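Engineer: Let me give you the structure first, and then I'll get to my questions.
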Amino acid sequence: MKKFDQDELILRTAEFYKALSDYSRFKIVFVLMSGEKCVSEIVEEVNMSQTAVSYQLKLLRQMHLVKYRRSGQNIFYSIDDQHVYDIINLTFKHIEHQ
């Protein structure tokens, strides 16, 4: 695990939350929390164009929130790691507690 100095850690954390602050991106992440999906499934579930979904997935990949694997001509996306699930589930618990 890479160690960051305090300023770098704060910056990266802010960027992480900024990535999730966009409704469309968060909606995609939420859909992927139920399991791996191909792009067409994501498009259908979030009711967005394929172009818009692909753009948001690219940003989510860059932020290490989602990962992908290729199978033939299909690309399947999933949540990058357990930490993403944990952070979102803790946030849901916090919101429901209010």
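Chain labels run A, B, ... following the order of the structure tokens; each chain numbers its residues from 1, and ligands are numbered from 1 in the order shown.
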Just the residues within 12 Å of A:Leu32, please, counting only C-alpha atoms, with nothing from its chain fewer than 4 positions along; format it as a PyMOL selection string.

Structural biologist: chain A and resi 25-28+36-39+41-43+45-46+57+60+65-68+76-81+84-85+88

Engineer: Set the distance at 8 Å and use only C-alpha atoms: which residues neighbour stretch 62-64 of chain A once local chain neighbours fewer than 4 positions away are removed? I'd like the list as a list in words.

Structural biologist: Glu15, Phe16, Ala19, Lys58 and Asp80 of chain A

Engineer: How about saving the chosen residues, N, CA, C and O atoms kept, as a PDB file, in the first residue's frame?

Structural biologist:
```pdb
ATOM      1  N   GLU A  15     -10.746  14.232  -4.316  1.00  0.00           N
ATOM      2  CA  GLU A  15     -11.020  13.795  -5.688  1.00  0.00           C
ATOM      3  C   GLU A  15     -11.915  12.557  -5.702  1.00  0.00           C
ATOM      4  O   GLU A  15     -12.785  12.428  -6.554  1.00  0.00           O
ATOM      5  N   PHE A  16     -11.703  11.658  -4.752  1.00  0.00           N
ATOM      6  CA  PHE A  16     -12.542  10.467  -4.630  1.00  0.00           C
ATOM      7  C   PHE A  16     -13.997  10.867  -4.413  1.00  0.00           C
ATOM      8  O   PHE A  16     -14.896  10.410  -5.113  1.00  0.00           O
ATOM      9  N   ALA A  19     -15.600  12.522  -7.412  1.00  0.00           N
ATOM     10  CA  ALA A  19     -16.039  11.549  -8.419  1.00  0.00           C
ATOM     11  C   ALA A  19     -17.409  10.991  -8.073  1.00  0.00           C
ATOM     12  O   ALA A  19     -18.257  10.792  -8.951  1.00  0.00           O
ATOM     13  N   LYS A  58     -15.241   5.752 -17.875  1.00  0.00           N
ATOM     14  CA  LYS A  58     -13.829   6.101 -18.054  1.00  0.00           C
ATOM     15  C   LYS A  58     -13.326   6.897 -16.848  1.00  0.00           C
ATOM     16  O   LYS A  58     -12.250   6.618 -16.313  1.00  0.00           O
ATOM     17  N   ASP A  80     -14.291  -1.666  -8.086  1.00  0.00           N
ATOM     18  CA  ASP A  80     -12.854  -1.944  -8.065  1.00  0.00           C
ATOM     19  C   ASP A  80     -12.421  -2.818  -6.897  1.00  0.00           C
ATOM     20  O   ASP A  80     -11.662  -3.757  -7.077  1.00  0.00           O
TER      21      ASP A  80
END
```

Engineer: Just the number, please: distance in Å from atom CA of A:Ile75 to atom CA of A:Thr91, one decimal.

Structural biologist: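 If I compute the distance from atom CA of A:Ile75 to atom CA of A:Thr91, I get 28.7 Å.
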
Engineer: Any chance you could list, as number ranges by chain, the residues in chain A that come up alpha helix (DSSP H) when DSSP is run on the backbone?

Structural biologist: A: 6-21, 23-32, 39-46, 50-62, 82-97

Engineer: Based on DSSP run over this structure's backbone, return all residues of chain A in strand (DSSP E or B), as a count of residues only.

Structural biologist: 14

Engineer: Compare A:Gln98, A:Asn89, A:Ser71, A:Ser49 by their minimum atom-to-atom distance to A:Ser24, counting only C-alpha atoms, and give me the closest one.

Structural biologist: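 Comparing A:Gln98, A:Asn89, A:Ser71, A:Ser49 against A:Ser24, the winner is A:Ser49.
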
Engineer: I'd like to know which of A:Val29, A:Tyr23, A:Ser34, A:Phe92 is closest to A:Arg61, using only C-alpha atoms.

Structural biologist: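 Closest to A:Arg61 of all the choices is A:Val29.
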
Engineer: Would you work out the distance separating atom CA of A:Lys18 from atom CA of A:Asn74, expressed in Å to one decimal?

Structural biologist: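 Interatomic distance here is 28.6 Å.
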